[in-house]
$ cat query_37.cif   # mmCIF, C-alpha atoms
data_upload
#
loop_
_atom_site.label_atom_id
_atom_site.label_comp_id
_atom_site.auth_asym_id
_atom_site.auth_seq_id
_atom_site.Cartn_x
_atom_site.Cartn_y
_atom_site.Cartn_z
CA MET J 1 97.87 77.68 92.57
CA ASN J 2 98.85 78.83 96.08
CA ASN J 3 102.37 77.50 95.56
CA PHE J 4 102.64 79.34 92.23
CA ILE J 5 101.58 82.66 93.78
CA GLU J 6 103.85 82.18 96.80
CA GLN J 7 106.81 81.60 94.48
CA SER J 8 105.95 84.55 92.24
CA ALA J 9 107.05 87.96 93.48
CA TYR J 10 104.62 89.94 91.30
CA PHE J 11 101.64 87.69 90.54
CA GLY J 12 99.38 89.70 92.87
CA VAL J 13 100.49 92.92 91.18
CA PHE J 14 99.66 91.44 87.77
CA ILE J 15 96.18 90.32 88.92
CA THR J 16 95.45 93.71 90.52
CA PHE J 17 96.50 95.80 87.53
CA GLY J 18 94.92 93.35 85.10
CA THR J 19 91.50 93.44 86.75
CA TYR J 20 91.63 97.23 87.05
CA TRP J 21 92.46 97.47 83.34
CA LEU J 22 89.44 95.29 82.54
CA GLY J 23 87.32 97.54 84.74
CA SER J 24 88.58 100.62 82.89
CA MET J 25 87.70 99.04 79.54
CA CYS J 26 84.20 98.27 80.80
CA LYS J 27 83.84 101.86 82.02
CA LYS J 28 84.75 103.20 78.56
CA LYS J 29 82.20 100.92 76.91
CA TRP J 30 79.35 101.31 79.42
CA ASN J 31 79.47 104.71 81.12
CA TYR J 32 77.27 103.93 84.14
CA ALA J 33 77.94 104.75 87.79
CA LEU J 34 78.03 101.11 88.89
CA VAL J 35 80.41 100.19 86.07
CA ASN J 36 83.31 101.43 88.17
CA PRO J 37 86.90 100.19 87.65
CA LEU J 38 87.53 99.94 91.40
CA LEU J 39 84.33 98.01 92.04
CA ILE J 40 84.93 95.67 89.09
CA SER J 41 88.54 95.09 90.12
CA ILE J 42 87.57 94.22 93.71
CA ALA J 43 84.80 91.87 92.53
CA LEU J 44 87.05 90.07 90.03
CA ILE J 45 89.87 89.63 92.55
CA LEU J 46 87.43 88.21 95.13
CA ILE J 47 86.01 85.80 92.55
CA PHE J 48 89.54 84.74 91.57
CA LEU J 49 90.63 84.14 95.18
CA VAL J 50 87.49 82.17 96.05
CA THR J 51 87.55 80.10 92.84
CA PHE J 52 91.16 79.00 93.29
CA HIS J 53 90.95 78.77 97.11
CA ILE J 54 93.64 81.39 97.67
CA ASP J 55 93.68 83.11 101.03
CA TYR J 56 94.15 86.87 101.21
CA ALA J 57 97.52 86.65 102.99
CA THR J 58 98.96 84.65 100.09
CA TYR J 59 97.61 87.10 97.51
CA ASN J 60 98.80 90.12 99.49
CA LEU J 61 102.30 88.66 99.74
CA SER J 62 102.84 89.42 96.06
CA ALA J 63 100.48 92.41 95.79
CA LYS J 64 101.79 94.42 98.74
CA TYR J 65 104.18 96.37 96.52
CA ILE J 66 101.24 98.39 95.21
CA SER J 67 100.72 99.73 98.74
CA TYR J 68 104.14 101.35 98.58
CA LEU J 69 102.75 103.71 95.93
CA LEU J 70 100.01 104.98 98.26
CA THR J 71 102.17 107.55 100.08
CA PRO J 72 103.70 109.21 96.99
CA ALA J 73 100.30 109.14 95.27
CA THR J 74 98.73 110.93 98.24
CA ILE J 75 101.53 113.51 98.27
CA CYS J 76 100.88 114.20 94.59
CA LEU J 77 97.41 115.43 95.58
CA ALA J 78 99.14 118.53 96.94
CA LEU J 79 99.92 119.71 93.40
CA PRO J 80 96.37 120.78 92.42
CA LEU J 81 96.02 122.33 95.88
CA TYR J 82 99.11 124.46 95.23
CA GLU J 83 97.72 125.52 91.86
CA GLN J 84 94.48 126.65 93.54
CA PHE J 85 96.16 128.35 96.50
CA GLU J 86 94.57 131.75 95.81
CA THR J 87 91.11 130.16 95.84
CA LEU J 88 92.01 128.52 99.14
CA LYS J 89 93.03 131.83 100.73
CA LYS J 90 89.84 133.56 99.61
CA ASN J 91 87.54 130.85 100.95
CA TRP J 92 89.40 129.50 103.99
CA LYS J 93 86.56 130.23 106.42
CA ALA J 94 83.98 128.40 104.31
CA LEU J 95 86.43 125.53 103.80
CA LEU J 96 87.12 125.11 107.51
CA LEU J 97 83.43 125.31 108.41
CA GLY J 98 82.47 122.86 105.65
CA ILE J 99 85.11 120.29 106.57
CA THR J 100 84.26 120.57 110.28
CA SER J 101 80.59 119.99 109.44
CA GLY J 102 81.57 116.93 107.41
CA VAL J 103 83.62 115.45 110.24
CA LEU J 104 80.85 116.06 112.79
CA SER J 105 78.23 114.56 110.45
CA SER J 106 80.34 111.44 109.99
CA THR J 107 81.03 111.06 113.71
CA LEU J 108 77.43 111.65 114.79
CA SER J 109 76.06 109.26 112.15
CA VAL J 110 78.39 106.52 113.38
CA LEU J 111 77.29 107.16 116.97
CA GLY J 112 73.61 107.03 116.01
CA ILE J 113 73.91 103.85 113.95
CA CYS J 114 75.98 102.04 116.58
CA MET J 115 73.47 102.96 119.30
CA LEU J 116 70.59 101.85 117.08
CA PHE J 117 72.11 98.43 116.41
CA LYS J 118 73.61 98.13 119.92
CA LEU J 119 77.15 97.53 118.75
CA SER J 120 79.99 97.05 121.21
CA HIS J 121 82.39 99.83 122.19
CA GLU J 122 85.19 98.20 120.15
CA GLU J 123 82.98 98.07 117.05
CA TYR J 124 81.93 101.69 117.60
CA ILE J 125 85.56 102.81 117.78
CA ALA J 126 86.35 100.79 114.65
CA PHE J 127 83.75 102.70 112.61
CA LEU J 128 84.63 106.22 113.80
CA PRO J 129 87.53 106.74 111.32
CA LYS J 130 85.54 105.46 108.31
CA SER J 131 85.86 108.71 106.32
CA ILE J 132 89.62 109.30 106.61
CA THR J 133 92.62 107.71 104.90
CA THR J 134 93.59 104.15 105.79
CA ALA J 135 96.98 105.12 107.24
CA ILE J 136 95.45 107.51 109.80
CA GLY J 137 92.32 105.43 110.37
CA MET J 138 94.15 102.20 111.17
CA GLY J 139 96.49 103.89 113.64
CA LEU J 140 93.63 105.72 115.34
CA SER J 141 91.49 102.60 115.64
CA GLU J 142 94.36 100.52 117.03
CA GLU J 143 95.37 103.19 119.55
CA MET J 144 91.81 103.59 120.85
CA GLY J 145 91.09 99.86 121.09
CA GLY J 146 88.98 99.38 117.98
CA ILE J 147 88.86 96.33 115.70
CA VAL J 148 91.34 97.27 112.96
CA PRO J 149 90.09 94.87 110.22
CA ILE J 150 86.60 96.39 110.58
CA THR J 151 88.12 99.87 110.32
CA VAL J 152 89.93 98.95 107.10
CA ALA J 153 86.77 97.46 105.58
CA ALA J 154 84.70 100.52 106.59
CA ILE J 155 87.26 102.92 105.09
CA VAL J 156 87.48 101.00 101.82
CA LEU J 157 83.69 100.72 101.45
CA THR J 158 83.19 104.40 102.31
CA GLY J 159 85.76 105.46 99.73
CA LEU J 160 84.34 103.13 97.11
CA PHE J 161 80.83 104.44 97.70
CA GLY J 162 82.07 108.00 97.30
CA ASN J 163 83.98 107.17 94.14
CA ILE J 164 80.93 105.58 92.56
CA PHE J 165 78.06 107.77 93.75
CA ALA J 166 79.59 111.19 94.56
CA GLU J 167 78.71 112.83 91.27
CA MET J 168 75.21 111.35 91.31
CA ILE J 169 74.52 112.62 94.85
CA LEU J 170 75.81 116.10 94.01
CA LYS J 171 73.46 116.26 91.03
CA LEU J 172 70.57 114.97 93.13
CA PHE J 173 71.00 117.78 95.68
CA ARG J 174 71.95 120.33 92.99
CA ILE J 175 75.34 121.13 94.50
CA GLU J 176 77.10 122.87 91.62
CA GLU J 177 79.73 125.02 93.36
CA PRO J 178 83.14 123.31 92.80
CA ILE J 179 84.44 124.27 96.26
CA ALA J 180 81.39 122.76 97.98
CA GLN J 181 81.65 119.66 95.81
CA GLY J 182 85.30 119.18 96.74
CA ILE J 183 84.72 119.65 100.46
CA GLY J 184 81.84 117.19 100.44
CA ILE J 185 83.71 114.49 98.56
CA GLY J 186 87.03 114.82 100.37
CA SER J 187 85.62 114.97 103.89
CA ALA J 188 83.27 112.05 103.27
CA SER J 189 85.28 109.60 101.16
CA HIS J 190 89.00 110.45 101.48
CA ALA J 191 91.45 109.57 98.66
CA MET J 192 89.18 107.22 96.71
CA GLY J 193 86.53 109.91 96.52
CA THR J 194 89.17 112.50 95.65
CA ALA J 195 90.21 110.42 92.66
CA LYS J 196 86.68 110.99 91.36
CA ALA J 197 86.79 114.69 92.30
CA MET J 198 89.91 115.09 90.16
CA THR J 199 87.90 114.13 87.08
CA MET J 200 85.25 116.74 87.89
CA GLY J 201 87.53 119.79 87.72
CA ASP J 202 90.71 121.37 89.06
CA VAL J 203 89.00 123.32 91.86
CA THR J 204 86.89 120.35 92.95
CA GLY J 205 89.95 118.11 93.04
CA ALA J 206 92.07 120.63 94.93
CA MET J 207 89.43 121.27 97.60
CA SER J 208 88.89 117.55 98.00
CA SER J 209 92.65 117.07 98.48
CA LEU J 210 92.68 119.70 101.21
CA SER J 211 89.65 118.09 102.88
CA ILE J 212 91.50 114.77 103.19
CA VAL J 213 94.24 116.34 105.31
CA VAL J 214 92.09 118.60 107.47
CA SER J 215 89.34 116.03 108.04
CA GLY J 216 91.98 113.48 109.06
CA LEU J 217 93.30 115.83 111.76
CA LEU J 218 89.83 116.85 112.94
CA THR J 219 88.65 113.23 113.05
CA VAL J 220 91.50 112.34 115.41
CA ILE J 221 90.26 115.07 117.77
CA ALA J 222 86.58 114.23 117.31
CA ALA J 223 87.14 110.49 117.80
CA ASN J 224 88.87 111.07 121.13
CA ILE J 225 85.96 113.24 122.28
CA PHE J 226 83.16 110.99 121.01
CA SER J 227 84.80 107.72 122.06
CA GLY J 228 83.40 108.14 125.56
CA PHE J 229 79.81 108.59 124.37
CA MET J 230 79.22 104.85 123.99
#
$ encode --input "query_37.cif" --output "structure tokens"
Amino acid sequence: MNNFIEQSAYFGVFITFGTYWLGSMCKKKWNYALVNPLLISIALILIFLVTFHIDYATYNLSAKYISYLLTPATICLALPLYEQFETLKKNWKALLLGITSGVLSSTLSVLGICMLFKLSHEEYIAFLPKSITTAIGMGLSEEMGGIVPITVAAIVLTGLFGNIFAEMILKLFRIEEPIAQGIGIGSASHAMGTAKAMTMGDVTGAMSSLSIVVSGLLTVIAANIFSGFM
């Protein structure tokens, strides 16, 4: 099986899209939070790789082309932000304060957890960028001496958690204002959470898109400040 995948240029792409399609079909049939296309796709791919003894590097060799779509997909998030530009101008103070609060909450929670479990400095640095996009998070972790694979795993799990549970948490705490919803989702769970915010409304999606960019910049600053605390 390894030889077949290594010789196929697009087998990984086929498996990725195929499992996501199955996840989408399950979501349409059973509309529950845990029946999430991303979660189902990840689980099915892991089962497939383990069953056929395929290492990740071999799978990624033919699935890496999907990663090329990440940058243009992220840029497309600017469209709803442009459409809601007037809302942005009217609420820029609340937006900046909300996103800053989100970044500080994320950074302080990482510091507290790492101190509680007595993690190493490298592990602490690896977790600091957990709530920002992979491209920024990986570079930040590597530059500051963190363990990059841990950073990637933390970012993916954070985004997946936000994608699955964001709407449920907002309902639990009765957060109904679209701007507040967008800020919370975008600053906590980056692009994967924003994909969920897009389904909740134009304003929510636009504010979440903005939060990705601003929280990424603020996290770079915060990480450099907080890196010396442990």
$ resolve_selection --input "query_37.cif" --expression "the PyMOL selection byres ((chain J and resi 211) around 12)" --output "ChimeraX atom specification"
/J:77-78,81,88,92,94-103,131-133,179-191,193-194,197,204-210,212-219
$ atom_distance --input "query_37.cif" --atom1 "atom CA of J:Met200" --atom2 "atom CA of J:Ser109"
27.0 Å
$ closest_residue --input "query_37.cif" --among "J:Asn31, J:Thr16, J:Ser141, J:Ser8" --to "J:Phe48" --atoms "all atoms listed in the file"
J:Thr16
$ residues_near_point --input "query_37.cif" --point "(89.8, 96.8, 110.7)" --cutoff "10 Å" --atoms "all atoms listed in the file" --output "PyMOL selection string"
chain J and resi 123+126-127+130+134+137-138+141-142+146-155
$ resolve_selection --input "query_37.cif" --expression "the PyMOL selection byres ((chain J and resi 165) around 12)" --output "list in words"
Tyr32, Ala33, Leu34, Val35, Asn36, Leu39, Leu157, Thr158, Gly159, Leu160, Phe161, Gly162, Asn163, Ile164, Ala166, Glu167, Met168, Ile169, Leu170, Lys171, Leu172, Ile185, Ala188, Ser189, Met192, Gly193, Lys196 and Ala197 of chain J
$ atom_distance --input "query_37.cif" --atom1 "atom CA of J:Leu61" --atom2 "atom CA of J:Tyr20"
18.7 Å
$ atom_distance --input "query_37.cif" --atom1 "atom CA of J:Glu143" --atom2 "atom CA of J:Tyr68"
22.8 Å
$ resolve_selection --input "query_37.cif" --expression "the PyMOL selection byres ((chain J and resi 59) around 10)" --output "PyMOL selection string"
chain J and resi 2+5-6+10-13+15-16+45+49+54-58+60-64
$ build_atoms --input "query_37.cif" --residues "stretch 194-230 of chain J" --atoms "N, CA and C atoms" --output "short mmCIF file (atom, residue, chain, number, x, y, z; two decimals), in the coordinates of the input"
data_model
loop_
_atom_site.label_atom_id
_atom_site.label_comp_id
_atom_site.auth_asym_id
_atom_site.auth_seq_id
_atom_site.Cartn_x
_atom_site.Cartn_y
_atom_site.Cartn_z
N THR J 194 88.41 111.43 96.27
CA THR J 194 89.17 112.50 95.65
C THR J 194 89.60 112.13 94.24
N ALA J 195 89.87 110.86 94.01
CA ALA J 195 90.21 110.42 92.66
C ALA J 195 89.07 110.74 91.68
N LYS J 196 87.84 110.62 92.17
CA LYS J 196 86.68 110.99 91.36
C LYS J 196 86.58 112.50 91.23
N ALA J 197 86.86 113.22 92.33
CA ALA J 197 86.79 114.69 92.30
C ALA J 197 87.76 115.27 91.29
N MET J 198 88.92 114.62 91.12
CA MET J 198 89.91 115.09 90.16
C MET J 198 89.37 115.11 88.74
N THR J 199 88.48 114.19 88.43
CA THR J 199 87.90 114.13 87.08
C THR J 199 86.80 115.16 86.87
N MET J 200 86.36 115.80 87.96
CA MET J 200 85.25 116.74 87.89
C MET J 200 85.71 118.20 87.73
N GLY J 201 87.01 118.44 87.88
CA GLY J 201 87.53 119.79 87.72
C GLY J 201 88.69 120.07 88.64
N ASP J 202 89.52 121.05 88.28
CA ASP J 202 90.71 121.37 89.06
C ASP J 202 90.36 121.87 90.46
N VAL J 203 89.37 122.76 90.56
CA VAL J 203 89.00 123.32 91.86
C VAL J 203 88.40 122.24 92.75
N THR J 204 87.51 121.44 92.19
CA THR J 204 86.89 120.35 92.95
C THR J 204 87.94 119.39 93.48
N GLY J 205 88.89 119.02 92.64
CA GLY J 205 89.95 118.11 93.04
C GLY J 205 90.85 118.70 94.11
N ALA J 206 91.19 119.97 93.95
CA ALA J 206 92.07 120.63 94.93
C ALA J 206 91.40 120.74 96.30
N MET J 207 90.14 121.14 96.33
CA MET J 207 89.43 121.27 97.60
C MET J 207 89.22 119.91 98.26
N SER J 208 89.03 118.90 97.45
CA SER J 208 88.89 117.55 98.00
C SER J 208 90.21 117.08 98.60
N SER J 209 91.33 117.42 97.95
CA SER J 209 92.65 117.07 98.48
C SER J 209 92.89 117.72 99.84
N LEU J 210 92.53 118.99 99.94
CA LEU J 210 92.68 119.70 101.21
C LEU J 210 91.81 119.06 102.29
N SER J 211 90.60 118.67 101.91
CA SER J 211 89.65 118.09 102.88
C SER J 211 90.18 116.79 103.47
N ILE J 212 90.93 116.02 102.68
CA ILE J 212 91.50 114.77 103.19
C ILE J 212 92.39 115.05 104.40
N VAL J 213 93.27 116.03 104.24
CA VAL J 213 94.24 116.34 105.31
C VAL J 213 93.55 116.90 106.54
N VAL J 214 92.73 117.93 106.34
CA VAL J 214 92.09 118.60 107.47
C VAL J 214 91.10 117.68 108.18
N SER J 215 90.31 116.94 107.42
CA SER J 215 89.34 116.03 108.04
C SER J 215 90.04 114.92 108.81
N GLY J 216 91.22 114.49 108.33
CA GLY J 216 91.98 113.48 109.06
C GLY J 216 92.39 113.99 110.43
N LEU J 217 92.89 115.23 110.48
CA LEU J 217 93.30 115.83 111.76
C LEU J 217 92.10 116.05 112.68
N LEU J 218 91.02 116.58 112.12
CA LEU J 218 89.83 116.85 112.94
C LEU J 218 89.17 115.57 113.44
N THR J 219 89.24 114.51 112.63
CA THR J 219 88.65 113.23 113.05
C THR J 219 89.39 112.64 114.24
N VAL J 220 90.71 112.81 114.26
CA VAL J 220 91.50 112.34 115.41
C VAL J 220 91.00 113.02 116.68
N ILE J 221 90.76 114.32 116.61
CA ILE J 221 90.26 115.07 117.77
C ILE J 221 88.84 114.64 118.12
N ALA J 222 87.98 114.59 117.09
CA ALA J 222 86.58 114.23 117.31
C ALA J 222 86.43 112.81 117.87
N ALA J 223 87.23 111.89 117.35
CA ALA J 223 87.14 110.49 117.80
C ALA J 223 87.49 110.36 119.28
N ASN J 224 88.49 111.11 119.71
CA ASN J 224 88.87 111.07 121.13
C ASN J 224 87.78 111.66 122.02
N ILE J 225 87.06 112.65 121.51
CA ILE J 225 85.96 113.24 122.28
C ILE J 225 84.75 112.32 122.31
N PHE J 226 84.38 111.79 121.13
CA PHE J 226 83.16 110.99 121.01
C PHE J 226 83.34 109.55 121.48
N SER J 227 84.57 109.11 121.67
CA SER J 227 84.80 107.72 122.06
C SER J 227 84.16 107.39 123.41
N GLY J 228 83.99 108.39 124.24
CA GLY J 228 83.40 108.14 125.56
C GLY J 228 81.89 108.21 125.58
N PHE J 229 81.26 108.45 124.43
CA PHE J 229 79.81 108.59 124.37
C PHE J 229 79.09 107.24 124.29
N MET J 230 79.86 106.17 124.12
CA MET J 230 79.22 104.85 123.99
C MET J 230 80.14 103.76 124.53
#
